[in-house]
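Below is the file protein.pdb, which contains PDB, C-alpha atoms and all ligand atoms.
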```pdb
ATOM      1  CA  MET A   1      33.843 -25.662  40.846  1.00  0.00           C
ATOM      2  CA  ARG A   2      30.714 -27.107  42.299  1.00  0.00           C
ATOM      3  CA  ALA A   3      28.721 -23.930  41.611  1.00  0.00           C
ATOM      4  CA  GLY A   4      29.987 -23.890  38.006  1.00  0.00           C
ATOM      5  CA  LYS A   5      28.847 -27.448  37.433  1.00  0.00           C
ATOM      6  CA  SER A   6      25.468 -26.634  38.895  1.00  0.00           C
ATOM      7  CA  ALA A   7      25.003 -23.570  36.671  1.00  0.00           C
ATOM      8  CA  SER A   8      26.076 -25.526  33.625  1.00  0.00           C
ATOM      9  CA  ALA A   9      23.673 -28.360  34.376  1.00  0.00           C
ATOM     10  CA  THR A  10      20.841 -25.851  34.803  1.00  0.00           C
ATOM     11  CA  SER A  11      21.699 -24.180  31.518  1.00  0.00           C
ATOM     12  CA  VAL A  12      21.728 -27.482  29.677  1.00  0.00           C
ATOM     13  CA  SER A  13      18.420 -28.593  31.138  1.00  0.00           C
ATOM     14  CA  LYS A  14      16.745 -25.283  30.194  1.00  0.00           C
ATOM     15  CA  ASN A  15      17.931 -25.741  26.638  1.00  0.00           C
ATOM     16  CA  SER A  16      17.392 -29.483  26.317  1.00  0.00           C
ATOM     17  CA  GLY A  17      15.869 -30.641  23.098  1.00  0.00           C
ATOM     18  CA  ARG A  18      16.681 -27.418  21.253  1.00  0.00           C
ATOM     19  CA  ASP A  19      19.459 -26.368  18.951  1.00  0.00           C
ATOM     20  CA  PRO A  20      22.148 -24.954  21.273  1.00  0.00           C
ATOM     21  CA  MET A  21      22.446 -21.879  18.999  1.00  0.00           C
ATOM     22  CA  THR A  22      18.738 -21.046  19.103  1.00  0.00           C
ATOM     23  CA  CYS A  23      19.161 -18.588  21.933  1.00  0.00           C
ATOM     24  CA  LYS A  24      21.774 -16.521  20.072  1.00  0.00           C
ATOM     25  CA  LYS A  25      20.827 -16.920  16.412  1.00  0.00           C
ATOM     26  CA  THR A  26      18.600 -13.835  16.240  1.00  0.00           C
ATOM     27  CA  ALA A  27      21.229 -11.608  17.850  1.00  0.00           C
ATOM     28  CA  ASN A  28      23.975 -13.087  15.681  1.00  0.00           C
ATOM     29  CA  THR A  29      21.924 -12.624  12.521  1.00  0.00           C
ATOM     30  CA  SER A  30      21.346  -8.954  13.307  1.00  0.00           C
ATOM     31  CA  ARG A  31      25.121  -8.428  13.288  1.00  0.00           C
ATOM     32  CA  CYS A  32      25.882 -10.696  10.304  1.00  0.00           C
ATOM     33  CA  ASN A  33      27.259  -8.855   7.271  1.00  0.00           C
ATOM     34  CA  CYS A  34      26.793 -11.770   4.871  1.00  0.00           C
ATOM     35  CA  THR A  35      24.933 -10.777   1.707  1.00  0.00           C
ATOM     36  CA  TYR A  36      24.393 -14.346   0.464  1.00  0.00           C
ATOM     37  CA  GLU A  37      20.678 -14.344   1.195  1.00  0.00           C
ATOM     38  CA  PRO A  38      19.590 -17.946   0.780  1.00  0.00           C
ATOM     39  CA  CYS A  39      22.074 -19.273   3.345  1.00  0.00           C
ATOM     40  CA  GLU A  40      20.474 -21.179   6.211  1.00  0.00           C
ATOM     41  CA  ARG A  41      23.607 -20.846   8.382  1.00  0.00           C
ATOM     42  CA  LYS A  42      23.161 -17.116   8.966  1.00  0.00           C
ATOM     43  CA  GLY A  43      23.428 -16.487  12.690  1.00  0.00           C
ATOM     44  CA  ALA A  44      24.559 -20.053  13.370  1.00  0.00           C
ATOM     45  CA  CYS A  45      28.172 -18.950  13.607  1.00  0.00           C
ATOM     46  CA  CYS A  46      29.570 -22.353  14.608  1.00  0.00           C
ATOM     47  CA  ALA A  47      27.983 -23.995  11.542  1.00  0.00           C
ATOM     48  CA  CYS A  48      29.060 -21.097   9.316  1.00  0.00           C
ATOM     49  CA  LEU A  49      32.686 -21.273  10.472  1.00  0.00           C
ATOM     50  CA  ARG A  50      32.793 -25.089  10.184  1.00  0.00           C
ATOM     51  CA  TYR A  51      31.329 -24.968   6.682  1.00  0.00           C
ATOM     52  CA  HIS A  52      33.852 -22.457   5.400  1.00  0.00           C
ATOM     53  CA  LEU A  53      36.913 -23.890   7.150  1.00  0.00           C
ATOM     54  CA  GLU A  54      36.231 -27.251   5.502  1.00  0.00           C
ATOM     55  CA  SER A  55      36.737 -25.480   2.161  1.00  0.00           C
ATOM     56  CA  ARG A  56      39.762 -23.403   3.282  1.00  0.00           C
ATOM     57  CA  GLU A  57      37.571 -20.332   3.569  1.00  0.00           C
ATOM     58  CA  LEU A  58      36.511 -17.839   6.231  1.00  0.00           C
ATOM     59  CA  PRO A  59      33.004 -16.528   7.007  1.00  0.00           C
ATOM     60  CA  ALA A  60      31.690 -13.262   5.577  1.00  0.00           C
ATOM     61  CA  CYS A  61      32.297 -11.421   8.841  1.00  0.00           C
ATOM     62  CA  CYS A  62      36.059 -11.762   8.307  1.00  0.00           C
ATOM     63  CA  PHE A  63      35.834  -9.548   5.216  1.00  0.00           C
ATOM     64  CA  PRO A  64      35.068  -5.848   4.755  1.00  0.00           C
ATOM     65  CA  THR A  65      31.851  -4.988   2.900  1.00  0.00           C
ATOM     66  CA  GLY A  66      33.191  -4.719  -0.652  1.00  0.00           C
ATOM     67  CA  ALA A  67      35.319  -7.843  -0.359  1.00  0.00           C
ATOM     68  CA  GLU A  68      32.471  -9.794   1.222  1.00  0.00           C
ATOM     69  CA  ALA A  69      30.215  -9.004  -1.718  1.00  0.00           C
ATOM     70  CA  THR A  70      32.540 -10.878  -4.096  1.00  0.00           C
ATOM     71  CA  PHE A  71      31.684 -14.132  -2.245  1.00  0.00           C
ATOM     72  CA  ASP A  72      35.368 -15.068  -2.494  1.00  0.00           C
ATOM     73  CA  ARG A  73      35.839 -16.267   1.068  1.00  0.00           C
ATOM     74  CA  SER A  74      39.145 -18.055   0.434  1.00  0.00           C
ATOM     75  CA  PHE A  75      42.120 -17.911   2.789  1.00  0.00           C
ATOM     76  CA  GLU A  76      44.069 -16.522  -0.183  1.00  0.00           C
ATOM     77  CA  HIS A  77      41.653 -13.614  -0.632  1.00  0.00           C
ATOM     78  CA  PHE A  78      41.832 -12.869   3.084  1.00  0.00           C
ATOM     79  CA  ALA A  79      45.649 -13.024   2.988  1.00  0.00           C
ATOM     80  CA  ARG A  80      45.763 -10.606   0.027  1.00  0.00           C
ATOM     81  CA  LEU A  81      43.553  -8.139   1.895  1.00  0.00           C
ATOM     82  CA  VAL A  82      45.802  -8.349   4.943  1.00  0.00           C
ATOM     83  CA  ALA A  83      48.953  -7.946   2.820  1.00  0.00           C
ATOM     84  CA  ASP A  84      47.406  -4.899   1.120  1.00  0.00           C
ATOM     85  CA  ARG A  85      46.348  -3.533   4.529  1.00  0.00           C
ATOM     86  CA  LYS A  86      42.700  -3.494   3.528  1.00  0.00           C
ATOM     87  CA  ILE A  87      41.798  -5.301   6.729  1.00  0.00           C
TER      88      ILE A  87
HETATM   89  S1  LIG B 101      29.362 -16.604   5.487  1.00  0.00           S
HETATM   90 FE1  LIG B 101      28.804 -18.440   4.317  1.00  0.00          FE
HETATM   91  S2  LIG B 101      27.923 -19.926   5.749  1.00  0.00           S
HETATM   92 FE2  LIG B 101      28.057 -17.912   6.752  1.00  0.00          FE
HETATM   93  S3  LIG B 101      26.032 -17.034   6.511  1.00  0.00           S
HETATM   94 FE3  LIG B 101      27.288 -16.306   4.803  1.00  0.00          FE
HETATM   95  S4  LIG B 101      27.055 -17.767   3.097  1.00  0.00           S
HETATM   96 FE4  LIG B 101      26.247 -18.686   4.994  1.00  0.00          FE
END
```

The structure given in the file should be rewritten as structure tokens.
Amino acid sequence: MRAGKSASATSVSKNSGRDPMTCKKTANTSRCNCTYEPCERKGACCACLRYHLESRELPACCFPTGAEATFDRSFEHFARLVADRKI
């Protein structure tokens, strides 16, 4: 446990003062399938998920390409796709 605490403390100090997602945002964005271009949350997956869950929605990456392009990110849309075995 002691080694884990030490590694964690080092990681935090290296990243202090920066957005904790900065180190992964570029990699996340390269894999993001969202076609809503003006969104500032692209690659910030924690912010993206929080934003959509607050509106009973899921992020773009939960939907296949055609369904994602409708921008209907509702739980109901996702449930229909699952029921129709399109996911
Ligand atoms: S899924 Fe929503 S919050 Fe996430 S990047 Fe796309 S538009 Fe932005």

For ligand LIG 101 (chain B), list the contacting residues at 10 Å or closer, counting all atoms listed in the file, as a VMD selection string. chain A and resid 29 32 to 53 57 to 63 68 71 73

Atom-to-atom span, CA of His77 in chain A and CA of Glu54 in chain A, Å: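 CA of Glu54 in chain A lies 15.9 Å from CA of His77 in chain A.
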
Quick check, in Å to one decimal: how far apart do CA of Asp84 in chain A and CA of Ser30 in chain A lie?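 Answer for the CA of Asp84 in chain A to CA of Ser30 in chain A separation: 29.1 Å.
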
Quote the spacing between CA of Pro64 in chain A and CA of Ala27 in chain A in Å to one decimal place. 19.9 Å
